[in-house]
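Engineer: What follows is a structure written as structure tokens; I'll ask about it next.
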Amino acid sequence: MPENKSSMHEFTKGLIKENPTLVTLLGMCPTLAVTTMAVNGIGMGLATTFVLVCSNIVISLLKNVIPKAVRLPCFIVIIAGFVTLISFILQGYFPALYSALGIFLSLITVNCIILGRAEAFASKNKLLPSILDGLGMGLGFTLSLFVMGSLREIFGSGSWLGFKIPVISSNPVLIFIMPAGGFFVLGCIIAMVNKIANRKPPAEISCSNCPNAEMCGQTKEDCTREDK
Amino acid sequence: MKLIIILITAVFVNNIVLSQFMGICPFLGVSKQLKSSVGMGGAVIFVMVCATACTYPVYKLLELAKVEYLQTVAFILVIALFVQLVEIVLKKTMPPLYKALGVYLPLITTNCAVLGVTISNIDNSYTFVQSIVNALGTGLAFTLALVLFSGVRARIADSDIPETFKGVPATLVAASIVSLSFMGFGGLFS
């Protein structure tokens, strides 16, 4: 069944092969900021997944209604609407997580993964693939936040998901939960992924491989020109 | 005095990029060269200050209508509109400035630092003047981080780095060291 196989592919590609954080290097800000604890990583990941799936659904349904010229503001308003929704849900039911994520909850609005998927996928595809794509990308994002959060929590505070780890908890390496540790751990994880996947190091992050390049109204040449 | 404290806190103690993790994408993407770092920094300072000046009255309006929860939607819309407007106005009236900043303007809409600073101004219940100063400080902090880091990147480019760490990983590890140096400012005001 080729149909089935391809929808499976929409779902799984985001998990590992096109993992938004570790491979396409999108959404770096929340990845670095909220991962001092594994739980926060999961919470942020799931909140983003929720927004991503919902906005993918709406944008995929409205793709013929939204005029091309003003699609960016339209997408952003749709996304911001769902972000407001999820922050109400978290504030009501998970107040601890709500205060831990803080400002980064509102900043899901400008997470380039969501806008990137809206532009690159949902606005061009049917409903079902868009849902699967959103789900896969969101869970891939959650997965990498979880790995990152686990590492930082284990070494930085000597616990994991609230459980104490014997040896490390008496001498936690505080630097891991500080901003500097965030950069360091992410760098190492990306290096490790490169090693395992045995592929060439990803090209430098620059505007030219940003999926939003087209959206921000410039051609890829415009972006790379400044790099030179 | 309060204003000076806000300014210094924003630039050094709570550096937006290195200790608050906002605007990482442009920090890693545009900091390859000093020239583009300064250009991007200038554009961010400009947009941040003006966006704050726009969003502050908007929030007051929302407060009057008792719909503060629309903050995120309203702010991002204002920022997106503002950036477009600035682009058009600069193009028509000040071509040299547009040439210098133009490339970076569209990128700024989705820069979380701009939305972040407008929201944190409200969260900290700053007055209008304090908000503007905070926005200015944050913009300067962003520029400082970019300019400093472009120097570091120039050194990385000439270094012999293990194969797996080439590119982004090495950049991130270097960012970690730069961030470490900014930790020294912590506790400046306590």
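Scheme for the structure tokens: letters A, B, ... for chains in order shown; per-chain residue numbers from 1; ligand numbers from 1 in order shown.
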Within 9 Å of chain A, which residues of chain B come that close, and what is the closest atom pair and distance in Å for each? Count only C-alpha atoms and give it as a Markdown table.

Structural biologist:
| residue | atom | partner | partner_atom | distance |
| --- | --- | --- | --- | --- |
| B:Leu18 | CA | A:Pro179 | CA | 6.9 |
| B:Ser19 | CA | A:Pro179 | CA | 5.4 |
| B:Gln20 | CA | A:Ala33 | CA | 6.8 |
| B:Phe21 | CA | A:Cys29 | CA | 5.3 |
| B:Met22 | CA | A:Cys29 | CA | 5.5 |
| B:Gly23 | CA | A:Cys29 | CA | 6.7 |
| B:Ile24 | CA | A:Cys29 | CA | 5.6 |
| B:Cys25 | CA | A:Met28 | CA | 6.8 |
| B:Pro26 | CA | A:Ser206 | CA | 8.0 |
| B:Leu28 | CA | A:Ile205 | CA | 6.5 |
| B:Gly29 | CA | A:Ser206 | CA | 4.3 |
| B:Val30 | CA | A:Ser206 | CA | 6.7 |
| B:Lys32 | CA | A:Asp227 | CA | 7.0 |
| B:Gln33 | CA | A:Asp227 | CA | 7.4 |
| B:Ser36 | CA | A:Glu226 | CA | 6.9 |
| B:Tyr69 | CA | A:Thr84 | CA | 7.1 |
| B:Leu70 | CA | A:Thr84 | CA | 7.4 |
| B:Gln71 | CA | A:Thr84 | CA | 8.6 |
| B:Thr72 | CA | A:Ala80 | CA | 6.3 |
| B:Val73 | CA | A:Ala80 | CA | 5.1 |
| B:Ala74 | CA | A:Val77 | CA | 8.5 |
| B:Ile76 | CA | A:Ile76 | CA | 7.4 |
| B:Leu77 | CA | A:Pro73 | CA | 6.8 |
| B:Ala80 | CA | A:Pro73 | CA | 6.9 |
| B:Leu81 | CA | A:Pro73 | CA | 8.1 |
| B:Val103 | CA | A:Cys223 | CA | 7.5 |
| B:Tyr104 | CA | A:Cys223 | CA | 9.0 |
| B:Leu105 | CA | A:Cys216 | CA | 8.9 |
| B:Pro106 | CA | A:Cys216 | CA | 5.2 |
| B:Leu107 | CA | A:Cys216 | CA | 6.4 |
| B:Thr109 | CA | A:Val110 | CA | 8.2 |
| B:Thr110 | CA | A:Val110 | CA | 5.2 |
| B:Asn111 | CA | A:Val110 | CA | 6.8 |
| B:Cys112 | CA | A:Val110 | CA | 5.8 |
| B:Ala113 | CA | A:Leu107 | CA | 8.9 |
| B:Leu115 | CA | A:Leu107 | CA | 7.2 |
| B:Gly116 | CA | A:Leu107 | CA | 6.8 |
| B:Ile119 | CA | A:Ile103 | CA | 7.5 |
| B:Ser120 | CA | A:Ile103 | CA | 7.4 |
| B:Asp123 | CA | A:Ile103 | CA | 8.9 |
| B:Glu163 | CA | A:Pro201 | CA | 7.9 |
| B:Thr164 | CA | A:Ala191 | CA | 5.4 |
| B:Phe165 | CA | A:Ala191 | CA | 5.3 |
| B:Lys166 | CA | A:Pro201 | CA | 6.2 |
| B:Gly167 | CA | A:Glu204 | CA | 5.6 |
| B:Val168 | CA | A:Glu204 | CA | 6.0 |
| B:Pro169 | CA | A:Gly187 | CA | 4.1 |
| B:Ala170 | CA | A:Gly187 | CA | 6.7 |
| B:Thr171 | CA | A:Gly187 | CA | 7.6 |
| B:Leu172 | CA | A:Gly187 | CA | 5.0 |
| B:Val173 | CA | A:Phe184 | CA | 4.8 |
| B:Ala174 | CA | A:Phe184 | CA | 8.1 |
| B:Ala175 | CA | A:Phe183 | CA | 6.4 |
| B:Ser176 | CA | A:Ala180 | CA | 4.3 |
| B:Ile177 | CA | A:Ala180 | CA | 6.6 |
| B:Val178 | CA | A:Ala180 | CA | 7.9 |
| B:Ser179 | CA | A:Ala180 | CA | 5.2 |
| B:Leu180 | CA | A:Ala180 | CA | 5.3 |
| B:Ser181 | CA | A:Ala180 | CA | 8.9 |
| B:Met183 | CA | A:Ala180 | CA | 8.4 |

Engineer: Could you turn the residues from that selection into a file that holds C-alpha atoms, as a PDB file, in the first residue's frame?

Structural biologist:
ATOM      1  CA  LEU B  18      24.092  34.472  26.290  1.00  0.00           C
ATOM      2  CA  SER B  19      22.038  34.053  29.414  1.00  0.00           C
ATOM      3  CA  GLN B  20      18.428  34.206  28.307  1.00  0.00           C
ATOM      4  CA  PHE B  21      18.739  32.255  25.080  1.00  0.00           C
ATOM      5  CA  MET B  22      16.695  34.462  22.844  1.00  0.00           C
ATOM      6  CA  GLY B  23      17.675  35.213  19.295  1.00  0.00           C
ATOM      7  CA  ILE B  24      20.005  32.238  19.032  1.00  0.00           C
ATOM      8  CA  CYS B  25      19.342  31.716  15.332  1.00  0.00           C
ATOM      9  CA  PRO B  26      20.665  35.104  14.194  1.00  0.00           C
ATOM     10  CA  LEU B  28      24.707  31.686  15.205  1.00  0.00           C
ATOM     11  CA  GLY B  29      23.721  32.561  11.663  1.00  0.00           C
ATOM     12  CA  VAL B  30      24.802  36.138  11.154  1.00  0.00           C
ATOM     13  CA  LYS B  32      30.241  35.079  10.857  1.00  0.00           C
ATOM     14  CA  GLN B  33      31.551  38.505  10.059  1.00  0.00           C
ATOM     15  CA  SER B  36      27.069  41.692   9.172  1.00  0.00           C
ATOM     16  CA  TYR B  69      -4.778  37.498  27.239  1.00  0.00           C
ATOM     17  CA  LEU B  70      -4.659  38.669  23.627  1.00  0.00           C
ATOM     18  CA  GLN B  71      -1.194  40.044  24.362  1.00  0.00           C
ATOM     19  CA  THR B  72       0.762  37.473  22.344  1.00  0.00           C
ATOM     20  CA  VAL B  73      -1.494  37.706  19.292  1.00  0.00           C
ATOM     21  CA  ALA B  74      -1.579  41.485  19.357  1.00  0.00           C
ATOM     22  CA  ILE B  76       3.326  39.623  17.182  1.00  0.00           C
ATOM     23  CA  LEU B  77       0.913  41.248  14.756  1.00  0.00           C
ATOM     24  CA  ALA B  80       5.104  41.948  11.920  1.00  0.00           C
ATOM     25  CA  LEU B  81       3.267  45.003  10.626  1.00  0.00           C
ATOM     26  CA  VAL B 103      18.553  42.339   4.445  1.00  0.00           C
ATOM     27  CA  TYR B 104      18.112  41.778   8.145  1.00  0.00           C
ATOM     28  CA  LEU B 105      14.710  43.343   8.630  1.00  0.00           C
ATOM     29  CA  PRO B 106      12.483  40.464   7.473  1.00  0.00           C
ATOM     30  CA  LEU B 107      14.450  38.075   9.665  1.00  0.00           C
ATOM     31  CA  THR B 109       9.831  39.344  12.608  1.00  0.00           C
ATOM     32  CA  THR B 110      10.497  35.810  13.705  1.00  0.00           C
ATOM     33  CA  ASN B 111      13.325  36.749  16.036  1.00  0.00           C
ATOM     34  CA  CYS B 112      12.148  35.723  19.450  1.00  0.00           C
ATOM     35  CA  ALA B 113      14.273  38.405  21.106  1.00  0.00           C
ATOM     36  CA  LEU B 115       8.744  39.523  21.015  1.00  0.00           C
ATOM     37  CA  GLY B 116      10.562  38.447  24.166  1.00  0.00           C
ATOM     38  CA  ILE B 119       6.566  40.701  26.722  1.00  0.00           C
ATOM     39  CA  SER B 120       9.146  40.923  29.484  1.00  0.00           C
ATOM     40  CA  ASP B 123       5.814  41.152  32.874  1.00  0.00           C
ATOM     41  CA  GLU B 163      36.073  16.277  12.169  1.00  0.00           C
ATOM     42  CA  THR B 164      32.846  15.580  14.073  1.00  0.00           C
ATOM     43  CA  PHE B 165      32.919  18.939  15.806  1.00  0.00           C
ATOM     44  CA  LYS B 166      33.374  20.960  12.645  1.00  0.00           C
ATOM     45  CA  GLY B 167      30.737  23.544  11.910  1.00  0.00           C
ATOM     46  CA  VAL B 168      27.851  23.985  14.291  1.00  0.00           C
ATOM     47  CA  PRO B 169      29.079  21.897  17.261  1.00  0.00           C
ATOM     48  CA  ALA B 170      32.319  23.858  17.525  1.00  0.00           C
ATOM     49  CA  THR B 171      30.383  27.102  17.247  1.00  0.00           C
ATOM     50  CA  LEU B 172      28.107  26.054  20.085  1.00  0.00           C
ATOM     51  CA  VAL B 173      30.977  25.022  22.325  1.00  0.00           C
ATOM     52  CA  ALA B 174      32.623  28.377  21.671  1.00  0.00           C
ATOM     53  CA  ALA B 175      29.343  30.112  22.491  1.00  0.00           C
ATOM     54  CA  SER B 176      29.359  28.230  25.759  1.00  0.00           C
ATOM     55  CA  ILE B 177      32.742  29.693  26.654  1.00  0.00           C
ATOM     56  CA  VAL B 178      31.671  33.206  25.726  1.00  0.00           C
ATOM     57  CA  SER B 179      28.552  32.707  27.827  1.00  0.00           C
ATOM     58  CA  LEU B 180      30.746  31.549  30.704  1.00  0.00           C
ATOM     59  CA  SER B 181      32.583  34.855  30.628  1.00  0.00           C
ATOM     60  CA  MET B 183      28.476  34.759  34.060  1.00  0.00           C
TER      61      MET B 183
END

Engineer: DSSP on the backbone, helix (DSSP H, G or I) only: what residues of range 13-130 of chain B does that give? Format it as a count of residues only.

Structural biologist: 94

Engineer: So how many Å separate CA of Ile89 in chain A and CA of Glu68 in chain B, to one decimal?

Structural biologist: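 Atom-to-atom, CA of Ile89 in chain A to CA of Glu68 in chain B, that is 16.1 Å.
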
Engineer: At what distance in Å, to one decimal, does CA of Val70 in chain A lie from CA of Ser55 in chain A?

Structural biologist: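 We find that CA of Ser55 in chain A and CA of Val70 in chain A lie 16.5 Å from each other.
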
Engineer: Have a look at B:Asn124, B:Lys92, B:Val152, B:Ala135 and name the one nearest to Cys54 in chain B; count only C-alpha atoms.

Structural biologist: B:Ala135

Engineer: I'd like the neighbourhood of Pro57 in chain B as a ChimeraX atom specification, where a residue qualifies if any of its atoms comes within 12 Å (using only C-alpha atoms), though same-chain residues fewer than 2 positions away should be ignored.

Structural biologist: /B:50-55,59-64,71,74-75,78,118,122,127-128,131

Engineer: When you look at Ala96 in chain A with a cut-off of 12 Å (counting only C-alpha atoms), what residues show up, excluding the ones that are within fewer than 6 positions of it in the same chain? I need them as a list in words.

Structural biologist: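 Everything that qualifies: Val39, Asn40, Gly43, Leu90 and Gly102 of chain A.
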
Engineer: Restricted to N, CA and C atoms, what would the selected residues look like written as a PDB file, in the first residue's frame?

Structural biologist:
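Printed below is again-v4.pdb as written:
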ATOM      1  N   VAL A  39      11.798  17.151  32.788  1.00  0.00           N
ATOM      2  CA  VAL A  39      10.343  17.356  32.777  1.00  0.00           C
ATOM      3  C   VAL A  39       9.976  18.608  31.983  1.00  0.00           C
ATOM      4  N   ASN A  40      10.736  19.685  32.209  1.00  0.00           N
ATOM      5  CA  ASN A  40      10.455  20.909  31.461  1.00  0.00           C
ATOM      6  C   ASN A  40      10.625  20.694  29.973  1.00  0.00           C
ATOM      7  N   GLY A  43       7.573  18.956  28.740  1.00  0.00           N
ATOM      8  CA  GLY A  43       6.438  19.882  28.756  1.00  0.00           C
ATOM      9  C   GLY A  43       6.495  20.843  27.590  1.00  0.00           C
ATOM     10  N   LEU A  90      -2.151  25.218  30.337  1.00  0.00           N
ATOM     11  CA  LEU A  90      -1.062  24.948  31.278  1.00  0.00           C
ATOM     12  C   LEU A  90      -1.246  25.735  32.568  1.00  0.00           C
ATOM     13  N   GLY A 102       7.710  29.859  31.665  1.00  0.00           N
ATOM     14  CA  GLY A 102       7.724  31.327  31.667  1.00  0.00           C
ATOM     15  C   GLY A 102       7.512  31.926  30.298  1.00  0.00           C
TER      16      GLY A 102
END

Engineer: CA of Lys91 in chain B and CA of Val58 in chain B are how many Å apart?

Structural biologist: 26.2 Å
